[in-house]
Amino acid sequence: FVGPSLRVLDRSMAPKAAPKGKKEEAPPPPEEPTEEKYGEWKGAFNEQGLPEGKGEAVYPNGDVYTGEILHNQRQGFGKYVWKAAEEGKSGGVYEGGYESNKKNGKGLMKYPDNGTYDGQWKDGLRQGQGTFKYPNGDWYKGQWHQGKKSGEGTYFSYTGSCWYMGQWVEGNFEKGEWKFKDGSCYKGEFKNGRPAPGEGIFLFPNGNQLNGKWVEAPLEGGE
């Protein structure tokens, strides 16, 4: 023990439904062509005979883009539909802003696995404020950087019935609060989706608070 109010906390104090390991990672969006080589363009052309303005582009691979073209590139608002790899399934759909052929600004991405991202983009990657809803019922709402959770954000685990609220770095939860539906909460630092060994605070549903050090003690049953 260190100090009169400091006790040792172990994993047996955490609710049994606590999830294990890392959070669900958001998949990268499907790739769009970076050079405009249309199989077919239904729209206007500029003086050089290149597609420009609003129209529909059908690519040789079967993808379809409907929206604005400037200087022969996707620019402004548009909708991109990827051809499905299998008959009867979705290949992914993006609807939102473009700049120089890449997703930029606000946009909604629907992934082939039925996950969705609604938020900010930069140079084709999730960046800024956004919400990702996973097909398993999990969701993350907060800051992104270069396609990964980074900054302040909240992750809800459907199977664990809990929330991770705080600071994220490179897609990993590192510091903040681990909250449960029964009102209990652990505050401290985290590693691999679990409290990291070290000082922390456990708040109980009745309002009582326990300051201590988290240690990786094995649970009953030999986990």
# chains A, B, ... in the order shown; residues from 1 in each chain; ligands from 1
>>> closest_atom_pairs(of="region 54-145 of chain A", to="region 44-47 of chain A", cutoff="10 Å", atoms="only C-alpha atoms", output="Markdown table")
| residue | atom | partner | partner_atom | distance |
| --- | --- | --- | --- | --- |
| A:Lys54 | CA | A:Ala44 | CA | 7.1 |
| A:Gly55 | CA | A:Ala44 | CA | 7.1 |
| A:Glu56 | CA | A:Ala44 | CA | 9.8 |
| A:Ile69 | CA | A:Ala44 | CA | 9.4 |
| A:Leu70 | CA | A:Asn46 | CA | 9.3 |
| A:His71 | CA | A:Asn46 | CA | 8.7 |
| A:Asn72 | CA | A:Asn46 | CA | 9.2 |
>>> write_last_selection(atoms="N, CA, C and O atoms", output="compact mmCIF listing (two decimals), in the first residue's frame")
# COMPACT_ATOMS: atom_id res chain seq x y z
N LYS A 54 -20.99 18.70 -64.14
CA LYS A 54 -21.73 17.60 -63.51
C LYS A 54 -22.01 16.50 -64.52
O LYS A 54 -22.29 16.77 -65.68
N GLY A 55 -21.95 15.28 -64.03
CA GLY A 55 -22.21 14.16 -64.91
C GLY A 55 -22.02 12.83 -64.21
O GLY A 55 -21.95 12.77 -62.98
N GLU A 56 -21.93 11.77 -65.00
CA GLU A 56 -21.74 10.43 -64.45
C GLU A 56 -20.59 9.75 -65.18
O GLU A 56 -20.56 9.68 -66.41
N ILE A 69 -16.95 17.23 -61.86
CA ILE A 69 -15.59 17.02 -62.35
C ILE A 69 -15.00 18.38 -62.71
O ILE A 69 -15.64 19.21 -63.36
N LEU A 70 -13.76 18.63 -62.27
CA LEU A 70 -13.06 19.87 -62.60
C LEU A 70 -11.62 19.51 -62.95
O LEU A 70 -10.96 18.80 -62.19
N HIS A 71 -11.15 20.01 -64.11
CA HIS A 71 -9.79 19.68 -64.57
C HIS A 71 -9.61 18.17 -64.63
O HIS A 71 -8.56 17.64 -64.26
N ASN A 72 -10.66 17.50 -65.07
CA ASN A 72 -10.63 16.04 -65.26
C ASN A 72 -10.46 15.27 -63.96
O ASN A 72 -10.00 14.12 -63.96
>>> select_by_dssp(residues="region 4-150 of chain A", states="strand (DSSP E)", output="count of residues only")
77
>>> residues_around(residues="Gly62 (chain A)", least_positions_apart="6", cutoff="9 Å", atoms="only C-alpha atoms", output="list of chain:residue names")
A:Gly39, A:Trp82, A:Lys83, A:Ala84
>>> residues_around(residues="Glu95 (chain A)", least_positions_apart="4", cutoff="9 Å", atoms="only C-alpha atoms", output="PyMOL selection string")
chain A and resi 77-81+106-110
>>> closest_residue(among="A:Ser161, A:Ser100, A:Gln167, A:Asn211", to="Phe190 (chain A)", atoms="only C-alpha atoms")
A:Gln167
>>> closest_residue(among="A:Val64, A:Leu125, A:Ala196, A:Ala85", to="Asn104 (chain A)", atoms="only C-alpha atoms")
A:Leu125
>>> atom_distance(atom1="CA of Gly76 (chain A)", atom2="CA of Tyr59 (chain A)")
18.8 Å
>>> closest_residue(among="A:Gly105, A:Gly119, A:Pro30, A:Pro112", to="Gly88 (chain A)", atoms="only C-alpha atoms")
A:Pro112
>>> residues_around(residues="Gly147 (chain A)", least_positions_apart="6", cutoff="12 Å", atoms="only C-alpha atoms", output="PDB file with C-alpha atoms, in the first residue's frame")
ATOM      1  CA  GLU A  25     -10.549  -0.946 -35.822  1.00  0.00           C
ATOM      2  CA  ALA A  26     -12.204   1.049 -38.587  1.00  0.00           C
ATOM      3  CA  PRO A  27     -11.320  -0.417 -41.994  1.00  0.00           C
ATOM      4  CA  PRO A  28      -9.728   1.750 -44.680  1.00  0.00           C
ATOM      5  CA  PRO A  29     -12.136   2.944 -47.378  1.00  0.00           C
ATOM      6  CA  LYS A 103     -12.329  12.547 -50.247  1.00  0.00           C
ATOM      7  CA  TYR A 117     -18.412   6.583 -41.168  1.00  0.00           C
ATOM      8  CA  GLY A 119     -17.693  12.907 -40.634  1.00  0.00           C
ATOM      9  CA  GLN A 120     -14.684  14.836 -41.868  1.00  0.00           C
ATOM     10  CA  TRP A 121     -12.110  13.684 -44.436  1.00  0.00           C
ATOM     11  CA  LYS A 122      -8.742  14.932 -45.639  1.00  0.00           C
ATOM     12  CA  ASP A 123      -6.751  13.587 -48.589  1.00  0.00           C
ATOM     13  CA  GLY A 124      -8.884  10.440 -48.685  1.00  0.00           C
ATOM     14  CA  LEU A 125      -8.532   9.600 -44.971  1.00  0.00           C
ATOM     15  CA  ARG A 126     -10.806  10.071 -41.951  1.00  0.00           C
ATOM     16  CA  GLN A 127      -9.580  13.259 -40.270  1.00  0.00           C
ATOM     17  CA  GLY A 128     -11.313  15.649 -37.889  1.00  0.00           C
ATOM     18  CA  GLN A 129     -14.617  14.975 -36.141  1.00  0.00           C
ATOM     19  CA  GLY A 130     -16.560  11.884 -37.128  1.00  0.00           C
ATOM     20  CA  PHE A 132     -17.937   5.303 -37.042  1.00  0.00           C
ATOM     21  CA  VAL A 169      -3.479   7.859 -29.939  1.00  0.00           C
ATOM     22  CA  GLU A 170      -2.933   6.030 -33.253  1.00  0.00           C
ATOM     23  CA  GLY A 171      -6.185   4.099 -32.821  1.00  0.00           C
TER      24      GLY A 171
END
>>> closest_residue(among="A:Asn114, A:Gly198, A:Gln209, A:Gln73", to="Glu99 (chain A)", atoms="only C-alpha atoms")
A:Gln73
>>> closest_atom_pairs(of="region 109-153 of chain A", to="region 174-183 of chain A", cutoff="12 Å", atoms="only C-alpha atoms", output="Markdown table")
| residue | atom | partner | partner_atom | distance |
| --- | --- | --- | --- | --- |
| A:Lys149 | CA | A:Glu174 | CA | 11.1 |
| A:Ser150 | CA | A:Glu174 | CA | 10.1 |
| A:Gly151 | CA | A:Glu174 | CA | 10.0 |
| A:Glu152 | CA | A:Gly176 | CA | 9.4 |
| A:Gly153 | CA | A:Gly176 | CA | 9.7 |
>>> closest_residue(among="A:Glu86, A:Glu24, A:Val93, A:Trp139", to="Asn192 (chain A)", atoms="only C-alpha atoms")
A:Glu24
>>> closest_residue(among="A:Gly43, A:Gly91, A:Gly188, A:Gly97", to="Gly115 (chain A)", atoms="only C-alpha atoms")
A:Gly91
>>> atom_distance(atom1="CA of Lys141 (chain A)", atom2="CA of Phe156 (chain A)")
8.8 Å
>>> atom_distance(atom1="CA of Lys42 (chain A)", atom2="CA of Thr116 (chain A)")
28.8 Å
